[in-house]
file protein.txt (compact mmCIF, C-alpha atoms and all ligand atoms)
# COMPACT_ATOMS: atom_id res chain seq x y z
CA MET A 1 80.77 84.24 93.33
CA ASN A 2 79.79 87.85 93.36
CA SER A 3 78.07 87.21 96.64
CA ASP A 4 77.85 90.27 98.85
CA GLU A 5 78.63 88.28 101.97
CA LYS A 6 81.98 87.04 100.74
CA PRO A 7 85.01 89.23 101.24
CA ILE A 8 85.89 90.98 98.00
CA LEU A 9 89.58 90.45 98.74
CA ARG A 10 90.92 87.40 100.53
CA ILE A 11 94.62 86.89 101.21
CA LYS A 12 95.75 83.67 102.85
CA GLY A 13 99.22 82.77 104.08
CA LEU A 14 100.94 85.10 101.66
CA ASN A 15 104.74 85.20 101.63
CA LYS A 16 107.06 87.00 99.27
CA PHE A 17 110.77 86.40 98.94
CA TYR A 18 112.52 88.60 96.39
CA SER A 19 115.35 87.06 94.39
CA GLY A 20 118.34 87.28 96.68
CA GLY A 21 116.25 85.82 99.49
CA PHE A 22 114.90 88.95 101.13
CA GLN A 23 111.48 88.30 102.64
CA ALA A 24 109.26 91.31 101.96
CA LEU A 25 105.96 89.75 103.10
CA LYS A 26 105.53 87.38 106.03
CA ASP A 27 102.42 85.23 106.30
CA ILE A 28 99.89 87.89 105.39
CA ASN A 29 96.27 86.99 106.12
CA LEU A 30 93.66 89.56 105.31
CA GLU A 31 90.02 89.81 104.33
CA ILE A 32 88.41 92.96 103.03
CA GLU A 33 84.66 93.39 102.65
CA LYS A 34 82.97 94.94 99.66
CA GLY A 35 82.71 98.71 99.97
CA GLU A 36 85.29 99.07 102.73
CA ILE A 37 88.00 101.70 102.72
CA VAL A 38 91.19 100.33 104.22
CA ALA A 39 94.28 102.44 104.80
CA LEU A 40 97.63 100.69 105.04
CA LEU A 41 100.21 102.56 107.04
CA GLY A 42 103.81 101.61 107.56
CA PRO A 43 107.33 102.99 107.34
CA ASN A 44 109.37 103.01 104.11
CA GLY A 45 110.23 99.49 103.00
CA ALA A 46 107.50 97.87 105.15
CA GLY A 47 106.06 95.92 102.20
CA LYS A 48 103.00 97.97 101.26
CA THR A 49 103.78 98.28 97.55
CA THR A 50 104.85 94.64 97.41
CA LEU A 51 101.50 93.57 98.85
CA ILE A 52 99.55 95.67 96.37
CA SER A 53 101.76 94.48 93.50
CA VAL A 54 101.03 90.85 94.33
CA VAL A 55 97.28 91.43 94.35
CA CYS A 56 97.52 93.29 91.03
CA GLY A 57 99.58 90.53 89.44
CA ILE A 58 102.72 92.62 89.01
CA VAL A 59 104.79 90.65 91.52
CA ASN A 60 104.53 86.85 91.92
CA PRO A 61 103.75 85.52 95.38
CA SER A 62 106.23 82.95 96.77
CA SER A 63 103.44 81.12 98.60
CA GLY A 64 99.88 81.66 99.68
CA THR A 65 96.71 82.53 97.82
CA VAL A 66 94.90 85.70 96.88
CA SER A 67 91.39 85.95 95.51
CA VAL A 68 89.45 88.96 94.28
CA ASP A 69 85.67 88.61 94.24
CA GLY A 70 86.18 84.86 94.47
CA TYR A 71 88.59 84.66 91.52
CA ASP A 72 92.17 83.51 91.96
CA ILE A 73 94.71 86.18 90.98
CA ILE A 74 96.89 83.65 89.15
CA LYS A 75 94.39 81.23 87.58
CA ASP A 76 91.91 83.97 86.68
CA PHE A 77 94.40 86.77 86.11
CA ARG A 78 92.52 88.59 83.35
CA LYS A 79 89.30 88.52 85.34
CA THR A 80 90.82 89.80 88.59
CA ARG A 81 92.87 92.43 86.78
CA SER A 82 89.74 93.79 85.11
CA ILE A 83 88.02 94.16 88.49
CA ILE A 84 90.99 96.10 89.89
CA GLY A 85 92.08 99.68 89.34
CA LEU A 86 95.59 100.61 90.40
CA VAL A 87 97.16 103.99 90.94
CA PRO A 88 100.84 103.11 91.18
CA GLN A 89 103.30 104.83 93.49
CA GLU A 90 105.75 105.66 90.73
CA LEU A 91 104.98 108.16 87.98
CA THR A 92 105.55 106.49 84.64
CA THR A 93 103.45 108.59 82.32
CA ASP A 94 105.54 110.29 79.69
CA SER A 95 104.08 110.29 76.25
CA PHE A 96 103.09 112.38 73.27
CA GLU A 97 99.54 111.10 73.59
CA THR A 98 96.77 113.39 74.83
CA VAL A 99 95.17 113.07 78.23
CA PHE A 100 91.82 112.00 76.77
CA ASN A 101 93.29 109.32 74.50
CA THR A 102 95.57 107.96 77.21
CA VAL A 103 92.71 107.49 79.63
CA GLY A 104 90.42 106.09 76.93
CA PHE A 105 93.12 103.67 75.77
CA SER A 106 93.57 102.46 79.34
CA ARG A 107 89.89 101.50 79.44
CA GLY A 108 90.31 99.48 76.25
CA LEU A 109 93.20 97.52 77.76
CA PHE A 110 90.76 95.93 80.17
CA GLY A 111 88.41 94.88 77.39
CA LYS A 112 85.79 97.52 78.09
CA PRO A 113 83.99 99.10 75.11
CA PRO A 114 84.70 102.82 74.59
CA ASN A 115 82.58 105.14 76.73
CA ASP A 116 83.46 108.79 76.17
CA GLU A 117 80.86 109.88 78.69
CA HIS A 118 82.55 107.93 81.45
CA ILE A 119 85.98 109.26 80.50
CA GLU A 120 84.60 112.79 80.54
CA LYS A 121 83.07 112.25 83.97
CA VAL A 122 86.38 110.95 85.35
CA LEU A 123 88.41 113.79 83.82
CA ARG A 124 86.00 116.39 85.15
CA SER A 125 86.05 114.93 88.67
CA LEU A 126 89.84 115.25 88.64
CA SER A 127 89.78 118.78 87.19
CA LEU A 128 91.52 117.48 84.08
CA TRP A 129 88.82 118.31 81.57
CA ASN A 130 90.48 121.52 80.40
CA LYS A 131 93.68 119.51 79.83
CA LYS A 132 92.03 116.74 77.82
CA ASP A 133 93.80 117.68 74.57
CA ASP A 134 97.20 118.34 76.14
CA MET A 135 100.08 115.94 75.65
CA ILE A 136 100.94 114.00 78.81
CA MET A 137 104.60 115.02 78.68
CA THR A 138 103.70 118.70 78.90
CA LEU A 139 101.87 118.25 82.21
CA SER A 140 103.22 119.05 85.67
CA GLY A 141 103.96 116.25 88.13
CA GLY A 142 100.73 116.74 90.04
CA MET A 143 98.73 116.76 86.82
CA LYS A 144 100.42 113.52 85.75
CA ARG A 145 99.36 112.00 89.03
CA ARG A 146 95.80 113.06 88.32
CA VAL A 147 96.10 111.28 84.94
CA LEU A 148 97.25 108.11 86.74
CA ILE A 149 94.15 108.25 88.90
CA ALA A 150 91.98 108.84 85.81
CA LYS A 151 93.58 105.83 84.10
CA ALA A 152 92.88 103.65 87.12
CA LEU A 153 89.22 104.68 87.06
CA SER A 154 88.83 104.42 83.29
CA HIS A 155 87.52 100.84 83.27
CA GLU A 156 85.13 101.30 86.22
CA PRO A 157 86.95 98.99 88.65
CA THR A 158 85.14 97.73 91.75
CA VAL A 159 88.35 97.35 93.74
CA LEU A 160 90.70 100.30 93.71
CA PHE A 161 94.28 100.38 95.00
CA LEU A 162 95.82 103.76 95.62
CA ASP A 163 99.52 103.51 96.40
CA GLU A 164 100.39 106.86 97.96
CA PRO A 165 98.00 108.73 95.73
CA THR A 166 98.67 112.09 97.30
CA ALA A 167 102.45 111.99 97.70
CA GLY A 168 103.79 115.30 96.48
CA VAL A 169 100.47 116.75 95.42
CA ASP A 170 98.88 120.00 96.48
CA VAL A 171 96.04 120.48 98.92
CA ASN A 172 93.47 120.78 96.13
CA LEU A 173 94.25 117.40 94.64
CA ARG A 174 94.25 115.84 98.07
CA LYS A 175 90.78 117.24 98.74
CA ASP A 176 89.59 116.17 95.25
CA MET A 177 90.93 112.71 95.93
CA TRP A 178 89.13 112.39 99.24
CA GLU A 179 85.91 113.49 97.59
CA ILE A 180 86.34 110.95 94.79
CA VAL A 181 87.05 108.21 97.32
CA HIS A 182 83.85 109.02 99.21
CA GLU A 183 81.85 109.03 95.96
CA LEU A 184 83.33 105.70 94.86
CA LYS A 185 82.57 104.18 98.24
CA ALA A 186 78.96 105.30 97.89
CA GLU A 187 78.89 103.42 94.58
CA GLY A 188 80.10 100.29 96.37
CA VAL A 189 83.75 100.41 95.27
CA THR A 190 86.25 98.87 97.69
CA ILE A 191 89.33 101.03 98.24
CA ILE A 192 92.71 100.11 99.65
CA LEU A 193 95.19 102.92 99.96
CA THR A 194 98.65 103.38 101.37
CA THR A 195 99.64 106.70 102.74
CA HIS A 196 102.22 108.44 104.86
CA TYR A 197 99.72 111.17 105.65
CA ILE A 198 98.03 109.89 108.72
CA GLU A 199 95.44 112.63 108.60
CA GLU A 200 94.45 111.12 105.26
CA ALA A 201 93.80 107.73 106.85
CA GLU A 202 91.98 109.45 109.67
CA GLU A 203 89.84 111.34 107.16
CA ILE A 204 88.78 108.54 104.81
CA ALA A 205 89.41 105.03 106.16
CA ASP A 206 86.95 102.63 107.77
CA ARG A 207 89.76 100.30 108.85
CA ILE A 208 93.42 100.92 109.48
CA GLY A 209 96.15 98.38 108.90
CA VAL A 210 99.73 98.83 109.99
CA ILE A 211 102.53 96.94 108.23
CA ASN A 212 106.04 96.75 109.60
CA ASN A 213 108.89 94.54 108.33
CA GLY A 214 106.56 92.61 106.02
CA GLU A 215 104.05 91.78 108.75
CA ILE A 216 100.62 93.14 109.45
CA ILE A 217 100.98 94.18 113.06
CA LEU A 218 97.52 95.66 113.34
CA MET A 219 94.25 95.72 111.44
CA GLU A 220 91.39 97.42 113.17
CA ASP A 221 88.29 99.48 112.78
CA LYS A 222 89.39 103.13 112.84
CA GLU A 223 86.91 104.31 115.46
CA LYS A 224 87.72 101.40 117.76
CA LEU A 225 91.42 101.95 117.32
CA MET A 226 91.20 105.58 118.23
CA ALA A 227 88.96 104.85 121.20
CA LYS A 228 91.20 102.06 122.46
CA LEU A 229 94.61 103.59 122.00
CA GLY A 230 93.75 107.23 121.93
CA LYS A 231 94.61 109.22 125.02
CA LYS A 232 92.62 112.18 126.08
CA GLN A 233 93.87 115.07 128.11
CA LEU A 234 92.01 117.49 130.24
CA ILE A 235 93.82 120.79 130.57
CA LEU A 236 92.92 123.13 133.42
CA ASP A 237 94.01 126.76 133.45
CA LEU A 238 94.23 127.74 137.10
CA CYS A 239 93.24 131.08 138.61
CA ASP A 240 96.05 130.99 141.17
CA ARG A 241 99.59 129.73 140.90
CA LEU A 242 100.10 126.28 142.44
CA SER A 243 103.51 125.31 143.79
CA ALA A 244 102.88 121.55 143.83
CA VAL A 245 100.13 119.02 143.22
CA PRO A 246 98.54 118.23 146.61
CA GLU A 247 99.52 114.83 148.08
CA SER A 248 95.85 113.86 148.32
CA MET A 249 95.59 114.00 144.53
CA ALA A 250 98.62 111.86 143.69
CA ASP A 251 96.45 109.09 142.20
CA PHE A 252 95.45 111.27 139.27
CA GLU A 253 99.08 111.57 138.15
CA LEU A 254 98.53 115.19 137.22
CA GLU A 255 101.20 117.22 135.51
CA LEU A 256 101.77 120.72 136.72
CA SER A 257 103.26 123.21 134.25
CA ASP A 258 106.50 125.01 135.15
CA ASN A 259 104.72 128.27 135.77
CA GLY A 260 102.27 126.51 138.10
CA LEU A 261 99.25 127.80 136.22
CA GLN A 262 98.20 124.70 134.30
CA LEU A 263 97.23 121.20 135.38
CA VAL A 264 97.03 118.37 132.86
CA TYR A 265 95.09 115.16 133.51
CA THR A 266 95.73 112.33 131.03
CA PHE A 267 93.22 109.51 130.74
CA THR A 268 92.28 106.79 128.31
CA THR A 269 88.73 106.55 127.06
CA GLN A 270 88.17 103.44 129.19
CA ARG A 271 89.23 105.23 132.34
CA ASP A 272 86.35 107.50 131.46
CA ARG A 273 84.39 110.20 133.14
CA THR A 274 84.23 108.76 136.62
CA GLY A 275 87.84 109.90 136.90
CA ILE A 276 86.95 113.40 135.87
CA THR A 277 84.09 113.67 138.34
CA ALA A 278 86.37 112.53 141.16
CA LEU A 279 89.03 114.97 140.00
CA MET A 280 86.55 117.84 140.07
CA ASP A 281 85.47 116.91 143.59
CA ASP A 282 89.05 116.75 144.82
CA LEU A 283 89.95 120.07 143.21
CA LYS A 284 87.06 121.64 145.09
CA LEU A 285 88.14 120.07 148.38
CA GLU A 286 91.66 121.40 147.89
CA GLY A 287 90.29 124.82 146.97
CA ILE A 288 91.91 124.79 143.53
CA VAL A 289 89.93 127.01 141.20
CA PHE A 290 90.30 126.99 137.42
CA ARG A 291 89.15 129.58 134.94
CA ASP A 292 89.24 127.48 131.79
CA LEU A 293 89.13 123.83 130.80
CA ASN A 294 90.08 122.18 127.52
CA THR A 295 90.41 118.65 126.21
CA THR A 296 92.69 117.21 123.55
CA GLN A 297 92.70 113.77 121.98
CA SER A 298 95.71 111.96 120.57
CA SER A 299 95.80 111.76 116.79
CA LEU A 300 96.19 108.63 114.73
CA GLU A 301 99.72 109.84 114.06
CA GLU A 302 100.75 109.47 117.72
CA ILE A 303 99.06 106.07 117.90
CA PHE A 304 100.89 104.92 114.78
CA VAL A 305 104.33 106.09 115.88
CA ASN A 306 103.91 104.31 119.22
CA LEU A 307 102.84 101.06 117.54
CA VAL A 308 105.74 100.94 115.12
CA GLU A 309 108.20 101.72 117.90
CA GLU A 310 106.78 98.95 120.07
CA SER A 311 107.00 96.34 117.29
CA SER A 312 110.54 97.16 116.15
N1 LIG A 401 112.29 94.05 93.13
C1 LIG A 401 112.79 93.96 94.34
N2 LIG A 401 113.86 93.18 94.60
C2 LIG A 401 114.37 93.06 95.84
N3 LIG A 401 113.87 93.69 96.93
C3 LIG A 401 112.80 94.49 96.73
C4 LIG A 401 112.21 94.67 95.45
N4 LIG A 401 111.17 95.52 95.58
C5 LIG A 401 111.11 95.85 96.88
N5 LIG A 401 112.08 95.23 97.59
C6 LIG A 401 112.32 95.34 99.03
O1 LIG A 401 111.17 94.89 99.72
C7 LIG A 401 110.91 95.70 100.87
C8 LIG A 401 109.51 96.26 100.78
O2 LIG A 401 109.44 97.21 99.73
P1 LIG A 401 108.08 97.95 99.35
O3 LIG A 401 108.33 98.74 98.13
O4 LIG A 401 106.99 96.94 99.31
O5 LIG A 401 107.88 98.89 100.63
P2 LIG A 401 106.82 100.03 100.90
O6 LIG A 401 106.16 99.70 102.21
O7 LIG A 401 105.95 100.23 99.73
O8 LIG A 401 107.75 101.31 101.15
P3 LIG A 401 107.54 102.87 100.74
O9 LIG A 401 106.75 103.47 101.88
O10 LIG A 401 108.92 103.39 100.72
O11 LIG A 401 106.86 102.93 99.44
C9 LIG A 401 112.01 96.76 100.88
O12 LIG A 401 113.00 96.35 101.77
C10 LIG A 401 112.50 96.78 99.45
O13 LIG A 401 113.86 97.14 99.41
MG MG A 402 105.62 101.77 98.45

call {"tool": "encode", "arguments": {"input": "protein.txt", "output": "structure tokens"}}
result
Amino acid sequence: MNSDEKPILRIKGLNKFYSGGFQALKDINLEIEKGEIVALLGPNGAGKTTLISVVCGIVNPSSGTVSVDGYDIIKDFRKTRSIIGLVPQELTTDSFETVFNTVGFSRGLFGKPPNDEHIEKVLRSLSLWNKKDDMIMTLSGGMKRRVLIAKALSHEPTVLFLDEPTAGVDVNLRKDMWEIVHELKAEGVTIILTTHYIEEAEEIADRIGVINNGEIILMEDKEKLMAKLGKKQLILDLCDRLSAVPESMADFELELSDNGLQLVYTFTTQRDRTGITALMDDLKLEGIVFRDLNTTQSSLEEIFVNLVEESS
């Protein structure tokens, strides 16, 4: 165990039926390498929280196996749970205890000896240091969420689950979070997060998974995904109004704006530059002159919406 070559998280043939018979997870197979950042995207009710809850030992699997760093989540529960940090989706912190004590206590729960220096470092990184002596119940919602993150980091986990860590938080916390994620990754921590903010996945993930109706419908390297499914557009602002796209250029499937002053050429990254060169040549032949040229690329958001629509 503890070998760097082995996946840190291995899920095999995982199914989950809730009492009542509803199947929330369908034959999930997934391997995550040490130090990866994986973003799980999916509509409400897709099964993201259920998946995380199984790995963290909060929900029992109906069948299948899950191992963390080579340890089985059921047989070696205490071991796997001590490796994992979890920032849950729901806010449950409401106590008279202070921020510092709450976070320190959390560390103790996982059998780690007290380490005030570490707690201080975590609280500072989350801009919670000036609140360390405040009672949890006096904090705002966003501050409570910061405390949840601090608790999850209190025992120095090497696998961190963030279940919608930035839902309902302000821009500052989101930016702090992203920074913390990058720092943790540099330390070798593996991070799995769910999010509805696609820009968040775009910003921090190495791999993107999409879950829909309890199934993983896609799991792919982010760069590859964007290159494969991302569309690019070339937008030409014309000098003179055009009444129609010339017949000779029909193959490019250009779109002409209503005012006749803009031509849009849509291409995938595979159908690369050769198309653009040919387009330029043809424009010249037809005597179409443009005064400006811009490109746009589809965002992960558009890719995601298309995928979920296709699979439903
Ligand atoms: N304890 C439970 N008993 C029965 N059904 C449940 C239970 N918990 C969740 N479910 C159902 O399982 C499905 C998956 O729920 P889950 O919370 O995993 O989705 P999610 O992807 O996290 O959604 P969201 O984006 O809204 O957080 C949903 O249909 C939900 O109603
Ligand atoms: Mg959820």

call {"tool": "residues_around", "arguments": {"input": "protein.txt", "residues": "Gly209 in chain A", "least_positions_apart": "5", "cutoff": "12 Å", "atoms": "all atoms listed in the file", "output": "number ranges by chain"}}
result
A: 28-32, 37-42, 46, 48, 192-195, 198, 201-202, 215-222, 225, 300, 304, 307-308

call {"tool": "write_last_selection", "arguments": {"input": "protein.txt", "atoms": "C-alpha atoms", "output": "JSON list (two decimals), keeping the file's coordinate frame"}}
result
[["chain", "number", "residue", "atom", "x", "y", "z"],
["A", 28, "ILE", "CA", 99.89, 87.89, 105.39],
["A", 29, "ASN", "CA", 96.27, 86.99, 106.12],
["A", 30, "LEU", "CA", 93.66, 89.56, 105.31],
["A", 31, "GLU", "CA", 90.02, 89.81, 104.33],
["A", 32, "ILE", "CA", 88.41, 92.96, 103.03],
["A", 37, "ILE", "CA", 88.00, 101.70, 102.72],
["A", 38, "VAL", "CA", 91.19, 100.33, 104.22],
["A", 39, "ALA", "CA", 94.28, 102.44, 104.80],
["A", 40, "LEU", "CA", 97.63, 100.69, 105.04],
["A", 41, "LEU", "CA", 100.21, 102.56, 107.04],
["A", 42, "GLY", "CA", 103.81, 101.61, 107.56],
["A", 46, "ALA", "CA", 107.50, 97.87, 105.15],
["A", 48, "LYS", "CA", 103.00, 97.97, 101.26],
["A", 192, "ILE", "CA", 92.71, 100.11, 99.65],
["A", 193, "LEU", "CA", 95.19, 102.92, 99.96],
["A", 194, "THR", "CA", 98.65, 103.38, 101.37],
["A", 195, "THR", "CA", 99.64, 106.70, 102.74],
["A", 198, "ILE", "CA", 98.03, 109.89, 108.72],
["A", 201, "ALA", "CA", 93.80, 107.73, 106.85],
["A", 202, "GLU", "CA", 91.98, 109.45, 109.67],
["A", 215, "GLU", "CA", 104.05, 91.78, 108.75],
["A", 216, "ILE", "CA", 100.62, 93.14, 109.45],
["A", 217, "ILE", "CA", 100.98, 94.18, 113.06],
["A", 218, "LEU", "CA", 97.52, 95.66, 113.34],
["A", 219, "MET", "CA", 94.25, 95.72, 111.44],
["A", 220, "GLU", "CA", 91.39, 97.42, 113.17],
["A", 221, "ASP", "CA", 88.29, 99.48, 112.78],
["A", 222, "LYS", "CA", 89.39, 103.13, 112.84],
["A", 225, "LEU", "CA", 91.42, 101.95, 117.32],
["A", 300, "LEU", "CA", 96.19, 108.63, 114.73],
["A", 304, "PHE", "CA", 100.89, 104.92, 114.78],
["A", 307, "LEU", "CA", 102.84, 101.06, 117.54],
["A", 308, "VAL", "CA", 105.74, 100.94, 115.12]]

call {"tool": "residues_near_ligand", "arguments": {"input": "protein.txt", "ligand": "ligand LIG 401 (chain A)", "cutoff": "10 Å", "atoms": "only C-alpha atoms and all ligand atoms", "output": "PyMOL selection string"}}
result
chain A and resi 16-25+40-54+59+89-90+163-164+194-196+211-214

call {"tool": "atom_distance", "arguments": {"input": "protein.txt", "atom1": "CA of Phe110 in chain A", "atom2": "CA of Asp133 in chain A"}}
result
22.7 Å

call {"tool": "atom_distance", "arguments": {"input": "protein.txt", "atom1": "CA of Lys34 in chain A", "atom2": "CA of Ala205 in chain A"}}
result
13.6 Å

call {"tool": "atom_distance", "arguments": {"input": "protein.txt", "atom1": "CA of Val99 in chain A", "atom2": "CA of Trp178 in chain A"}}
result
21.9 Å

call {"tool": "closest_residue", "arguments": {"input": "protein.txt", "among": "A:Met177, A:Ser154, A:Ser125, A:Glu309", "to": "Gly111 in chain A", "atoms": "only C-alpha atoms"}}
result
A:Ser154

call {"tool": "closest_residue", "arguments": {"input": "protein.txt", "among": "A:Val87, A:Val68, A:Val305, A:Cys56", "to": "Arg10 in chain A", "atoms": "only C-alpha atoms"}}
result
A:Val68

call {"tool": "closest_residue", "arguments": {"input": "protein.txt", "among": "A:Phe100, A:Tyr71, A:Phe252, A:Phe290", "to": "Leu123 in chain A", "atoms": "all atoms listed in the file"}}
result
A:Phe100

call {"tool": "closest_residue", "arguments": {"input": "protein.txt", "among": "A:Thr296, A:Asn259, A:Thr166, A:Thr158", "to": "Arg146 in chain A", "atoms": "only C-alpha atoms"}}
result
A:Thr166

call {"tool": "closest_residue", "arguments": {"input": "protein.txt", "among": "A:Gly287, A:Glu200, A:Asp176, A:Pro165", "to": "ligand MG 402 (chain A)", "atoms": "all atoms listed in the file"}}
result
A:Pro165

call {"tool": "closest_residue", "arguments": {"input": "protein.txt", "among": "A:Met135, A:Ala167, A:Leu148, A:Leu9", "to": "ligand MG 402 (chain A)", "atoms": "all atoms listed in the file"}}
result
A:Ala167
